[in-house]
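*Asks:* Coordinates in start.csv, CSV, C-alpha atoms, are listed below.
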chain,number,residue,atom,x,y,z
S,14,MET,CA,-40.8,8.4,-13.2
S,15,ILE,CA,-39.4,4.9,-12.7
S,16,ASP,CA,-36.7,4.8,-10.1
S,17,ASN,CA,-34.8,1.8,-11.4
S,18,SER,CA,-31.9,0.2,-9.5
S,19,GLU,CA,-29.2,1.9,-11.5
S,20,THR,CA,-30.8,5.4,-11.0
S,21,ARG,CA,-31.2,4.6,-7.3
S,22,ALA,CA,-27.6,3.5,-6.9
S,23,ASN,CA,-26.4,6.7,-8.7
S,24,ARG,CA,-28.5,8.9,-6.4
S,25,GLU,CA,-27.3,7.0,-3.3
S,26,PHE,CA,-23.7,7.3,-4.4
S,27,ALA,CA,-24.0,11.0,-5.0
S,28,ALA,CA,-25.7,11.4,-1.6
S,29,SER,CA,-22.9,9.4,0.1
S,30,LEU,CA,-20.3,11.6,-1.5
S,31,GLY,CA,-22.2,14.7,-0.3
S,32,LEU,CA,-22.2,13.2,3.2
S,33,LEU,CA,-18.5,12.5,3.0
S,34,ALA,CA,-17.8,16.1,1.8
S,35,LEU,CA,-19.6,17.3,5.0
S,36,ILE,CA,-17.4,15.0,7.0
S,37,ALA,CA,-14.3,16.4,5.3
S,38,LEU,CA,-15.3,19.9,6.5
S,39,ALA,CA,-16.0,18.8,10.1
S,40,PRO,CA,-12.5,19.6,11.4
S,41,LEU,CA,-13.2,23.3,10.6
S,42,VAL,CA,-15.7,23.4,13.4
S,43,VAL,CA,-14.3,20.5,15.6
S,44,ALA,CA,-11.0,21.5,17.0
S,45,ASN,CA,-11.1,19.4,20.1
S,46,GLU,CA,-8.6,16.5,19.9
S,47,TYR,CA,-11.0,14.1,21.8
S,48,TRP,CA,-13.9,14.7,19.4
S,49,LEU,CA,-11.6,14.4,16.4
S,50,GLY,CA,-10.7,11.0,17.7
S,51,VAL,CA,-14.4,10.1,18.1
S,52,LEU,CA,-15.0,11.0,14.5
S,53,VAL,CA,-12.0,8.8,13.4
S,54,VAL,CA,-13.6,5.9,15.3
S,55,CYS,CA,-16.8,6.7,13.5
S,56,MET,CA,-15.0,6.1,10.2
S,57,TYR,CA,-13.5,2.9,11.5
S,58,PHE,CA,-17.0,1.6,12.2
S,59,ALA,CA,-18.2,3.0,8.9
S,60,LEU,CA,-15.6,1.0,7.0
S,61,GLN,CA,-16.7,-2.2,8.7
S,62,ALA,CA,-20.4,-1.3,8.1
S,63,VAL,CA,-19.7,-0.7,4.4
S,64,GLY,CA,-17.9,-4.1,4.2
S,65,TRP,CA,-20.7,-5.9,6.1
S,66,ASN,CA,-23.3,-4.3,4.0
S,67,LEU,CA,-21.7,-5.5,0.8
S,68,LEU,CA,-22.1,-9.1,2.1
S,69,ALA,CA,-25.4,-8.9,4.0
S,70,GLY,CA,-27.2,-6.0,2.3
S,71,TYR,CA,-26.3,-6.7,-1.3
S,72,THR,CA,-25.6,-10.4,-1.3
S,73,GLY,CA,-28.0,-11.5,1.3
S,74,GLN,CA,-25.5,-13.5,3.4
S,75,MET,CA,-25.7,-12.9,7.2
S,76,SER,CA,-22.3,-12.9,8.8
S,77,LEU,CA,-21.7,-12.3,12.5
S,78,ALA,CA,-17.9,-11.8,12.2
S,79,PRO,CA,-17.1,-8.3,10.8
S,80,ALA,CA,-15.5,-7.3,14.1
S,81,ALA,CA,-13.5,-10.5,14.2
S,82,PHE,CA,-12.0,-9.7,10.7
S,83,ALA,CA,-11.2,-6.2,11.9
S,84,MET,CA,-9.4,-7.7,14.9
S,85,ILE,CA,-7.5,-10.0,12.5
S,86,GLY,CA,-6.5,-7.1,10.4
S,87,ALA,CA,-5.3,-5.2,13.4
S,88,TYR,CA,-3.3,-8.1,14.7
S,89,GLY,CA,-1.9,-8.7,11.3
S,90,THR,CA,-0.2,-5.3,11.1
S,91,GLY,CA,0.4,-5.3,14.8
S,92,MET,CA,2.4,-8.5,14.7
S,93,MET,CA,4.5,-7.3,11.8
S,94,ALA,CA,5.5,-4.2,13.7
S,95,TYR,CA,5.9,-5.8,17.2
S,96,ARG,CA,7.6,-9.0,16.2
S,97,TYR,CA,9.5,-8.2,13.1
S,98,GLU,CA,9.7,-4.3,13.3
S,99,LEU,CA,8.3,-4.0,9.8
S,100,PRO,CA,6.9,-0.6,8.6
S,101,PHE,CA,3.2,0.1,8.3
S,102,TRP,CA,3.2,-0.1,4.5
S,103,ILE,CA,4.0,-3.8,4.9
S,104,GLY,CA,2.0,-4.4,8.0
S,105,ILE,CA,-1.3,-3.0,6.7
S,106,PRO,CA,-1.4,-5.1,3.5
S,107,THR,CA,-0.5,-8.1,5.6
S,108,GLY,CA,-3.4,-7.5,7.9
S,109,ILE,CA,-5.8,-7.1,4.9
S,110,LEU,CA,-4.4,-10.3,3.3
S,111,ALA,CA,-4.8,-12.3,6.6
S,112,ALA,CA,-8.4,-11.2,6.9
S,113,ALA,CA,-9.1,-11.9,3.2
S,114,LEU,CA,-7.5,-15.3,3.4
S,115,LEU,CA,-9.4,-16.4,6.5
S,116,GLY,CA,-12.5,-15.0,4.9
S,117,TRP,CA,-11.9,-17.2,1.9
S,118,VAL,CA,-11.5,-20.3,4.1
S,119,LEU,CA,-14.5,-19.5,6.2
S,120,GLY,CA,-16.5,-18.6,3.1
S,121,ARG,CA,-15.7,-21.9,1.4
S,122,VAL,CA,-16.9,-23.8,4.5
S,123,ALA,CA,-19.8,-21.6,5.7
S,124,LEU,CA,-21.5,-20.3,2.5
S,125,LYS,CA,-22.8,-23.7,1.6
S,126,LEU,CA,-25.1,-23.1,4.6
S,127,SER,CA,-27.8,-20.5,4.8
S,128,GLY,CA,-30.0,-18.8,7.3
S,129,PRO,CA,-29.3,-19.3,11.0
S,130,TYR,CA,-26.7,-22.0,10.3
S,131,LEU,CA,-24.5,-19.5,8.4
S,132,GLY,CA,-24.9,-16.9,11.2
S,133,LEU,CA,-24.0,-19.5,13.9
S,134,THR,CA,-21.0,-20.7,11.9
S,135,THR,CA,-19.6,-17.2,11.5
S,136,LEU,CA,-20.3,-16.4,15.2
S,137,SER,CA,-18.4,-19.5,16.2
S,138,PHE,CA,-15.5,-18.5,14.1
S,139,ALA,CA,-15.5,-15.0,15.6
S,140,GLU,CA,-15.4,-16.3,19.1
S,141,ILE,CA,-12.7,-19.0,18.4
S,142,ALA,CA,-10.5,-16.3,16.7
S,143,ARG,CA,-10.9,-14.0,19.7
S,144,LEU,CA,-10.2,-16.7,22.2
S,145,ILE,CA,-7.1,-17.9,20.3
S,146,ILE,CA,-5.7,-14.4,20.2
S,147,GLY,CA,-6.7,-13.7,23.8
S,148,ASN,CA,-4.9,-16.8,25.1
S,149,SER,CA,-1.8,-16.7,23.0
S,150,TYR,CA,0.2,-14.6,25.5
S,151,ASP,CA,3.6,-15.7,24.1
S,152,ILE,CA,2.7,-14.5,20.6
S,153,THR,CA,0.0,-11.8,20.8
S,154,ARG,CA,0.4,-10.8,24.5
S,155,GLY,CA,-3.3,-11.8,24.9
S,156,ASP,CA,-5.4,-9.6,27.1
S,157,LEU,CA,-2.4,-7.5,28.0
S,158,GLY,CA,-2.7,-5.7,24.7
S,159,LEU,CA,-0.3,-5.4,21.8
S,160,SER,CA,1.6,-2.1,21.3
S,161,VAL,CA,1.5,-0.8,17.7
S,162,PRO,CA,3.6,2.1,16.4
S,163,GLY,CA,1.7,5.1,15.1
S,164,ILE,CA,1.9,6.5,11.6
S,165,PHE,CA,1.3,10.2,12.4
S,166,ASP,CA,1.6,12.5,15.3
S,167,SER,CA,-1.5,14.5,14.5
S,168,ARG,CA,-5.1,13.2,14.9
S,169,LEU,CA,-6.1,15.5,12.0
S,170,ALA,CA,-3.7,13.5,9.7
S,171,TYR,CA,-5.4,10.2,10.9
S,172,TYR,CA,-8.8,11.8,10.3
S,173,TYR,CA,-8.1,12.5,6.6
S,174,LEU,CA,-6.3,9.2,6.1
S,175,PHE,CA,-9.4,7.4,7.3
S,176,LEU,CA,-11.6,9.7,5.2
S,177,VAL,CA,-9.6,9.1,2.0
S,178,VAL,CA,-9.7,5.3,2.6
S,179,LEU,CA,-13.4,5.4,3.3
S,180,VAL,CA,-14.0,7.4,0.0
S,181,ALA,CA,-11.9,4.9,-1.9
S,182,VAL,CA,-13.8,1.9,-0.5
S,183,GLN,CA,-17.1,3.6,-1.2
S,184,VAL,CA,-16.1,4.2,-4.8
S,185,GLY,CA,-14.9,0.6,-5.2
S,186,VAL,CA,-18.2,-0.7,-3.8
S,187,PHE,CA,-20.2,1.5,-6.1
S,188,LEU,CA,-18.2,0.5,-9.2
S,189,THR,CA,-18.7,-3.2,-8.2
S,190,LEU,CA,-22.4,-2.7,-7.9
S,191,LYS,CA,-22.5,-1.1,-11.3
S,192,SER,CA,-20.7,-4.0,-12.9
S,193,LYS,CA,-21.8,-7.4,-13.9
S,194,VAL,CA,-20.5,-8.7,-10.5
S,195,GLY,CA,-22.9,-6.4,-8.7
S,196,LEU,CA,-25.8,-7.8,-10.8
S,197,PHE,CA,-24.8,-11.3,-9.8
S,198,LEU,CA,-24.6,-10.4,-6.1
S,199,GLN,CA,-28.0,-8.8,-6.1
S,200,ALA,CA,-29.5,-11.6,-8.1
S,201,ILE,CA,-28.2,-14.1,-5.4
S,202,ARG,CA,-29.7,-11.9,-2.7
S,203,ASP,CA,-33.1,-11.7,-4.4
S,204,ASP,CA,-33.4,-15.4,-5.4
S,205,GLU,CA,-30.5,-17.7,-5.1
S,206,ILE,CA,-32.2,-20.6,-6.9
S,207,ALA,CA,-33.3,-18.5,-9.8
S,208,ALA,CA,-29.8,-17.0,-10.1
S,209,ALA,CA,-28.3,-20.5,-10.2
S,210,CYS,CA,-30.8,-21.5,-12.9
S,211,ARG,CA,-29.7,-18.5,-15.0
S,212,GLY,CA,-26.1,-19.8,-14.9
S,213,VAL,CA,-24.7,-17.6,-12.1
S,214,PRO,CA,-22.0,-19.5,-10.2
S,215,VAL,CA,-23.6,-18.8,-6.8
S,216,VAL,CA,-21.0,-20.3,-4.4
S,217,ARG,CA,-18.2,-18.6,-6.3
S,218,TRP,CA,-19.7,-15.1,-6.0
S,219,LYS,CA,-20.8,-15.6,-2.5
S,220,VAL,CA,-17.3,-16.5,-1.5
S,221,ALA,CA,-15.9,-13.5,-3.5
S,222,ALA,CA,-18.3,-11.2,-1.6
S,223,PHE,CA,-17.3,-12.8,1.7
S,224,VAL,CA,-13.6,-12.2,0.9
S,225,ALA,CA,-14.1,-8.6,-0.2
S,226,SER,CA,-16.2,-7.9,3.0
S,227,SER,CA,-13.5,-9.5,5.2
S,228,ALA,CA,-10.7,-7.6,3.5
S,229,ILE,CA,-12.5,-4.2,4.0
S,230,CYS,CA,-13.1,-5.1,7.7
S,231,GLY,CA,-9.4,-6.1,7.9
S,232,LEU,CA,-8.4,-2.8,6.4
S,233,ALA,CA,-10.5,-1.0,9.0
S,234,GLY,CA,-8.8,-2.9,11.8
S,235,ALA,CA,-5.3,-2.4,10.4
S,236,LEU,CA,-5.8,1.4,10.2
S,237,TYR,CA,-7.3,1.5,13.6
S,238,ALA,CA,-4.4,-0.4,15.1
S,239,HIS,CA,-2.0,2.3,14.1
S,240,PHE,CA,-4.4,5.0,15.2
S,241,ALA,CA,-5.0,3.6,18.7
S,242,GLN,CA,-1.4,2.2,19.1
S,243,LEU,CA,-2.7,-0.4,21.5
S,244,ILE,CA,-4.9,-3.3,20.5
S,245,SER,CA,-6.5,-6.2,22.4
S,246,PRO,CA,-8.9,-9.1,21.7
S,247,GLU,CA,-11.8,-6.8,22.7
S,248,LEU,CA,-11.8,-5.6,19.1
S,249,GLY,CA,-13.5,-8.9,18.2
S,250,LEU,CA,-16.2,-8.9,20.8
S,251,ILE,CA,-19.7,-9.8,19.6
S,252,MET,CA,-20.8,-6.4,21.0
S,253,GLN,CA,-18.6,-4.8,18.4
S,254,THR,CA,-20.3,-6.8,15.7
S,255,GLY,CA,-23.6,-5.7,17.1
S,256,PHE,CA,-22.5,-2.1,16.8
S,257,VAL,CA,-21.7,-2.7,13.1
S,258,ILE,CA,-25.0,-4.4,12.4
S,259,SER,CA,-27.1,-1.8,14.2
S,260,MET,CA,-25.3,1.0,12.3
S,261,THR,CA,-26.1,-0.6,9.0
S,262,VAL,CA,-29.7,-1.5,9.8
S,263,ILE,CA,-30.5,1.9,11.3
S,264,GLY,CA,-28.8,3.8,8.5
S,265,GLY,CA,-30.3,1.7,5.7
S,266,MET,CA,-29.2,-1.8,4.9
S,267,GLY,CA,-28.7,-2.5,1.2
S,268,THR,CA,-28.0,1.2,0.4
S,269,LEU,CA,-24.8,3.0,-0.3
S,270,VAL,CA,-25.6,5.8,2.2
S,271,GLY,CA,-26.9,3.9,5.1
S,272,PRO,CA,-23.8,2.3,6.6
S,273,ILE,CA,-21.9,5.7,6.7
S,274,LEU,CA,-24.9,7.6,8.0
S,275,GLY,CA,-25.7,4.9,10.6
S,276,ALA,CA,-22.1,4.7,11.7
S,277,PHE,CA,-21.9,8.4,12.6
S,278,LEU,CA,-25.3,8.6,14.1
S,279,VAL,CA,-25.0,5.5,16.3
S,280,TYR,CA,-21.4,6.0,17.5
S,281,LEU,CA,-21.9,9.7,18.2
S,282,GLY,CA,-25.2,8.8,19.9
S,283,SER,CA,-23.3,6.2,22.0
S,284,GLU,CA,-20.8,8.9,23.1
S,285,ALA,CA,-23.7,11.2,24.1
S,286,VAL,CA,-25.3,8.6,26.4
S,287,ARG,CA,-22.1,6.9,27.6
S,288,ASP,CA,-22.7,8.3,31.1
S,289,PHE,CA,-25.7,6.0,31.4
S,290,GLY,CA,-23.5,2.9,31.4
S,291,GLY,CA,-24.8,-0.2,29.7
S,292,TRP,CA,-28.2,1.3,29.1
S,293,HIS,CA,-27.1,2.8,25.8
S,294,LEU,CA,-26.7,-0.8,24.4
S,295,ILE,CA,-30.3,-1.5,25.3
S,296,VAL,CA,-31.4,1.7,23.6
S,297,PHE,CA,-29.6,0.8,20.4
S,298,ALA,CA,-30.9,-2.8,20.5
S,299,LEU,CA,-34.5,-1.4,20.7
S,300,LEU,CA,-33.8,1.0,17.8
S,301,VAL,CA,-32.6,-1.9,15.6
S,302,ILE,CA,-35.8,-3.8,16.5
S,303,VAL,CA,-38.0,-0.8,15.7
S,304,VAL,CA,-36.2,0.1,12.5
S,305,ALA,CA,-36.2,-3.6,11.3
S,306,ARG,CA,-39.9,-3.9,12.0
S,307,PHE,CA,-41.3,-0.6,10.8
S,308,PHE,CA,-38.7,1.0,8.6
S,309,ARG,CA,-37.0,-1.8,6.7
S,310,ASP,CA,-35.0,0.6,4.6
S,311,GLY,CA,-33.6,2.5,7.6
S,312,LEU,CA,-33.2,6.3,8.0
S,313,TRP,CA,-32.1,6.6,4.4
S,314,GLY,CA,-35.3,4.9,3.3
S,315,LEU,CA,-37.3,7.4,5.2
S,316,VAL,CA,-35.4,10.3,3.5
S,317,ARG,CA,-36.0,8.6,0.1
S,318,LEU,CA,-39.7,8.1,0.8
S,319,ARG,CA,-40.1,11.7,1.9
S,320,TRP,CA,-38.4,12.9,-1.2
S,321,ALA,CA,-40.7,10.7,-3.4
S,322,ARG,CA,-43.8,12.1,-1.7
S,323,ARG,CA,-42.6,15.7,-2.3
S,324,ARG,CA,-42.1,14.9,-6.0
S,325,ALA,CA,-45.4,13.1,-6.5
S,326,PRO,CA,-47.7,16.2,-6.4
S,327,ALA,CA,-45.8,17.9,-9.1
S,328,ALA,CA,-46.7,15.0,-11.5
S,329,GLN,CA,-50.4,15.0,-10.5
S,330,PRO,CA,-51.6,18.1,-12.5
S,331,ALA,CA,-50.0,16.7,-15.6
S,332,ILE,CA,-52.2,13.6,-15.3
S,333,GLY,CA,-55.3,15.6,-14.6
S,334,THR,CA,-55.0,17.8,-17.7
S,335,ARG,CA,-55.3,14.9,-20.2
Go ahead and express the file in the form of structure tokens.
*Replies:*
Amino acid sequence: MIDNSETRANREFAASLGLLALIALAPLVVANEYWLGVLVVCMYFALQAVGWNLLAGYTGQMSLAPAAFAMIGAYGTGMMAYRYELPFWIGIPTGILAAALLGWVLGRVALKLSGPYLGLTTLSFAEIARLIIGNSYDITRGDLGLSVPGIFDSRLAYYYLFLVVLVAVQVGVFLTLKSKVGLFLQAIRDDEIAAACRGVPVVRWKVAAFVASSAICGLAGALYAHFAQLISPELGLIMQTGFVISMTVIGGMGTLVGPILGAFLVYLGSEAVRDFGGWHLIVFALLVIVVARFFRDGLWGLVRLRWARRRAPAAQPAIGTR
């Protein structure tokens, strides 16, 4: 049986919905407020991982700025509330728009580059954005942190808000991949020159993917700002981007399930080993190296391989009876 890309995407989407259904049931067994908060943060990272995966996993463009765009989304809604006392339903779209607009500007400049030059450009942008926000005390309060009003009084309400948004984003990414746009993005990833020769406007779709990825990360940051109710430039640290990348790679880069699976496993794992201090970062760095070297498709790839091996013997007798 040929496992073409469309069938594979359908299976991955179904598996991701199954995983999200299990996540929806988690509050039935997790009553502790602290751990509910941890699961909310898992979904915050999952949104960033899904956005980064759309750009890096499906379009083949390496960005080192997902956390920076989450920070921009958080400060977008935070500034609307702190400076102008505007409600969240204006602030959150403002944060998304700010992230998307800066993503468009950066994409127009950076996506004419490739390889390490693209990565270094996005990394430079991320650090510049963080330093500007961190040093603009009169505007953003800098490292003192910016107070953001909450939306709900219950962590359970935030839990299901993040879950609904994550499901909506996942559905949107799936529909995009099923469309002609998804074919263009994956063609660019597989062979940019061949795609251009076939008439695909490469730069246009790379910029579009960059904008979409930035907007998703901005959405994650805007929601997180109202959940945490206090934001700082630390949201844009390169360590945060490293978290997002490790989650995607460990879970399965270029798959629909991997970013969500990786986000929960990595962040829950980091909570479990938090008492060991900075050593947990070394552990995750080693995991990324091992997975990237020996399991290119991540944990979801291992699951898919095991499933294929279990199905293979069933087809063998039919071949032998000819």
*Asks:* Give me, as a Markdown table, the closest atom pair and its distance (Å, one decimal) for every residue of stretch 240-312 of chain S within a cut-off of 9 Å of stretch 64-82 of chain S, counting only C-alpha atoms, rows sorted by chain and rising number.
*Replies:*
| residue | atom | partner | partner_atom | distance |
| --- | --- | --- | --- | --- |
| S:Pro246 | CA | S:Ala81 | CA | 8.9 |
| S:Leu248 | CA | S:Ala80 | CA | 6.4 |
| S:Gly249 | CA | S:Ala81 | CA | 4.3 |
| S:Leu250 | CA | S:Ala80 | CA | 6.9 |
| S:Ile251 | CA | S:Ala80 | CA | 7.4 |
| S:Met252 | CA | S:Ala80 | CA | 8.7 |
| S:Gln253 | CA | S:Ala80 | CA | 5.9 |
| S:Thr254 | CA | S:Ala80 | CA | 5.1 |
| S:Gly255 | CA | S:Leu77 | CA | 8.3 |
| S:Val257 | CA | S:Pro79 | CA | 7.6 |
| S:Ile258 | CA | S:Trp65 | CA | 7.8 |
| S:Thr261 | CA | S:Asn66 | CA | 6.8 |
| S:Gly265 | CA | S:Gly70 | CA | 9.0 |
| S:Met266 | CA | S:Gly70 | CA | 5.3 |
| S:Gly267 | CA | S:Gly70 | CA | 4.0 |
| S:Thr268 | CA | S:Gly70 | CA | 7.5 |
| S:Leu269 | CA | S:Asn66 | CA | 8.6 |
| S:Pro272 | CA | S:Asn66 | CA | 7.1 |
*Asks:* Excluding stretch 219-223 of chain S and its own-chain neighbours fewer than 5 positions away, which residues fall within 7 Å of it when counting only C-alpha atoms? Please give them as an NGL selection string.
*Replies:* :S and (68 or 116-117 or 120-121 or 124)
*Asks:* Kindly indicate which residue among S:Val177, S:Val215, S:Leu110, S:Ala27 lies nearest to S:Val270, using all atoms listed in the file for the distances.
*Replies:*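 The answer is S:Ala27, which sits nearest to S:Val270.
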*Asks:* Just give me the gap between atom CA of S:Ile302 and atom CA of S:Ala228 in Å, one decimal is fine.
*Replies:*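 That distance, rounded to one decimal, is 28.5 Å.
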*Asks:* Go through S:Ile263, S:Leu174, S:Leu232, S:Leu274 and flag the residue nearest S:Ala37, using only C-alpha atoms for the distances.
*Replies:*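 The closest residue to S:Ala37 is S:Leu174.
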*Asks:* Return the single residue from S:Gly31, S:Gly264, S:Ala276, S:Leu169 that is closest to S:Gly314, with distances computed using all atoms listed in the file.
*Replies:*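 Closest to S:Gly314 of all the choices is S:Gly264.
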*Asks:* Would you list the contacts of stretch 281-284 of chain S as an NGL selection string, taking every protein, DNA or RNA residue within 9 Å and counting all atoms listed in the file, but skipping same-chain residues closer than 4 positions in sequence?
*Replies:* :S and (51-52 or 55 or 276-277 or 288 or 293-294 or 297)
*Asks:* I'd like to know which of S:Val63, S:Leu236, S:Ala200, S:Leu133 is closest to S:Gly91, using all atoms listed in the file.
*Replies:*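 Nearest to S:Gly91: S:Leu236.
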*Asks:* For the point (-14.3, -15.9, 21.3) in file coordinates, what residues are within 10 Å, counting only C-alpha atoms? Give the answer as a ChimeraX atom specification?
*Replies:* /S:81,136-147,246-247,249-251
*Asks:* Take the residues from that selection and write them out as a tab-separated table (two decimals), in the frame of the given file, keeping C-alpha atoms.
*Replies:*
chain	number	residue	atom	x	y	z
S	81	ALA	CA	-13.50	-10.50	14.20
S	136	LEU	CA	-20.30	-16.40	15.20
S	137	SER	CA	-18.40	-19.50	16.20
S	138	PHE	CA	-15.50	-18.50	14.10
S	139	ALA	CA	-15.50	-15.00	15.60
S	140	GLU	CA	-15.40	-16.30	19.10
S	141	ILE	CA	-12.70	-19.00	18.40
S	142	ALA	CA	-10.50	-16.30	16.70
S	143	ARG	CA	-10.90	-14.00	19.70
S	144	LEU	CA	-10.20	-16.70	22.20
S	145	ILE	CA	-7.10	-17.90	20.30
S	146	ILE	CA	-5.70	-14.40	20.20
S	147	GLY	CA	-6.70	-13.70	23.80
S	246	PRO	CA	-8.90	-9.10	21.70
S	247	GLU	CA	-11.80	-6.80	22.70
S	249	GLY	CA	-13.50	-8.90	18.20
S	250	LEU	CA	-16.20	-8.90	20.80
S	251	ILE	CA	-19.70	-9.80	19.60
*Asks:* Atom CA of S:Leu131 and atom CA of S:Asp204 are how many Å apart?
*Replies:* 16.9 Å
*Asks:* I'd like to know which of S:Tyr97, S:Trp320, S:Phe256, S:Trp48 is closest to S:Leu300, using all atoms listed in the file.
*Replies:* S:Phe256
*Asks:* Using only the atoms of stretch 52-59 of chain S listed in the file, plus 4 Å on each side, state the axis-aligned box centre and edge lengths in Å rounded to one decimal, as lines of an AutoDock Vina configuration file.
*Replies:*
center_x = -15.1
center_y = 6.3
center_z = 12.1
size_x = 14.2
size_y = 17.4
size_z = 14.4
*Asks:* Work out how far atom CA of S:Ala225 is from atom CA of S:Val180, in Å to one decimal.
*Replies:*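 Atom-to-atom, atom CA of S:Val180 and atom CA of S:Ala225 are spaced 16.0 Å apart.
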*Asks:* Would you fill out stretch 172-188 of chain S with N, CA and C atoms and return it as a PDB file, in the coordinates of the input?
*Replies:*
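Contents of the output file selection36.pdb:
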ATOM      1  N   TYR S 172      -7.394  11.541  10.695  1.00  0.00           N
ATOM      2  CA  TYR S 172      -8.800  11.800  10.300  1.00  0.00           C
ATOM      3  C   TYR S 172      -8.876  11.782   8.749  1.00  0.00           C
ATOM      4  N   TYR S 173      -7.970  12.472   8.079  1.00  0.00           N
ATOM      5  CA  TYR S 173      -8.100  12.500   6.600  1.00  0.00           C
ATOM      6  C   TYR S 173      -7.558  11.232   5.974  1.00  0.00           C
ATOM      7  N   LEU S 174      -6.679  10.494   6.659  1.00  0.00           N
ATOM      8  CA  LEU S 174      -6.300   9.200   6.100  1.00  0.00           C
ATOM      9  C   LEU S 174      -7.516   8.252   6.124  1.00  0.00           C
ATOM     10  N   PHE S 175      -8.230   8.188   7.243  1.00  0.00           N
ATOM     11  CA  PHE S 175      -9.400   7.400   7.300  1.00  0.00           C
ATOM     12  C   PHE S 175     -10.465   7.823   6.278  1.00  0.00           C
ATOM     13  N   LEU S 176     -10.604   9.131   6.114  1.00  0.00           N
ATOM     14  CA  LEU S 176     -11.600   9.700   5.200  1.00  0.00           C
ATOM     15  C   LEU S 176     -11.251   9.285   3.746  1.00  0.00           C
ATOM     16  N   VAL S 177      -9.985   9.421   3.364  1.00  0.00           N
ATOM     17  CA  VAL S 177      -9.600   9.100   2.000  1.00  0.00           C
ATOM     18  C   VAL S 177      -9.811   7.577   1.746  1.00  0.00           C
ATOM     19  N   VAL S 178      -9.468   6.735   2.729  1.00  0.00           N
ATOM     20  CA  VAL S 178      -9.700   5.300   2.600  1.00  0.00           C
ATOM     21  C   VAL S 178     -11.175   4.982   2.477  1.00  0.00           C
ATOM     22  N   LEU S 179     -11.991   5.649   3.292  1.00  0.00           N
ATOM     23  CA  LEU S 179     -13.400   5.400   3.300  1.00  0.00           C
ATOM     24  C   LEU S 179     -14.018   5.829   1.899  1.00  0.00           C
ATOM     25  N   VAL S 180     -13.564   6.943   1.366  1.00  0.00           N
ATOM     26  CA  VAL S 180     -14.000   7.400   0.000  1.00  0.00           C
ATOM     27  C   VAL S 180     -13.611   6.350  -1.017  1.00  0.00           C
ATOM     28  N   ALA S 181     -12.359   5.884  -0.951  1.00  0.00           N
ATOM     29  CA  ALA S 181     -11.900   4.900  -1.900  1.00  0.00           C
ATOM     30  C   ALA S 181     -12.676   3.612  -1.873  1.00  0.00           C
ATOM     31  N   VAL S 182     -12.969   3.135  -0.667  1.00  0.00           N
ATOM     32  CA  VAL S 182     -13.800   1.900  -0.500  1.00  0.00           C
ATOM     33  C   VAL S 182     -15.173   2.122  -1.028  1.00  0.00           C
ATOM     34  N   GLN S 183     -15.749   3.285  -0.735  1.00  0.00           N
ATOM     35  CA  GLN S 183     -17.100   3.600  -1.200  1.00  0.00           C
ATOM     36  C   GLN S 183     -17.162   3.604  -2.727  1.00  0.00           C
ATOM     37  N   VAL S 184     -16.170   4.211  -3.356  1.00  0.00           N
ATOM     38  CA  VAL S 184     -16.100   4.200  -4.800  1.00  0.00           C
ATOM     39  C   VAL S 184     -15.962   2.822  -5.367  1.00  0.00           C
ATOM     40  N   GLY S 185     -15.111   2.021  -4.713  1.00  0.00           N
ATOM     41  CA  GLY S 185     -14.900   0.600  -5.200  1.00  0.00           C
ATOM     42  C   GLY S 185     -16.206  -0.183  -5.063  1.00  0.00           C
ATOM     43  N   VAL S 186     -16.954  -0.026  -3.962  1.00  0.00           N
ATOM     44  CA  VAL S 186     -18.200  -0.700  -3.800  1.00  0.00           C
ATOM     45  C   VAL S 186     -19.218  -0.288  -4.867  1.00  0.00           C
ATOM     46  N   PHE S 187     -19.279   1.019  -5.121  1.00  0.00           N
ATOM     47  CA  PHE S 187     -20.200   1.500  -6.100  1.00  0.00           C
ATOM     48  C   PHE S 187     -19.885   0.984  -7.518  1.00  0.00           C
ATOM     49  N   LEU S 188     -18.620   0.986  -7.895  1.00  0.00           N
ATOM     50  CA  LEU S 188     -18.200   0.500  -9.200  1.00  0.00           C
ATOM     51  C   LEU S 188     -18.509  -1.038  -9.304  1.00  0.00           C
TER      52      LEU S 188
END
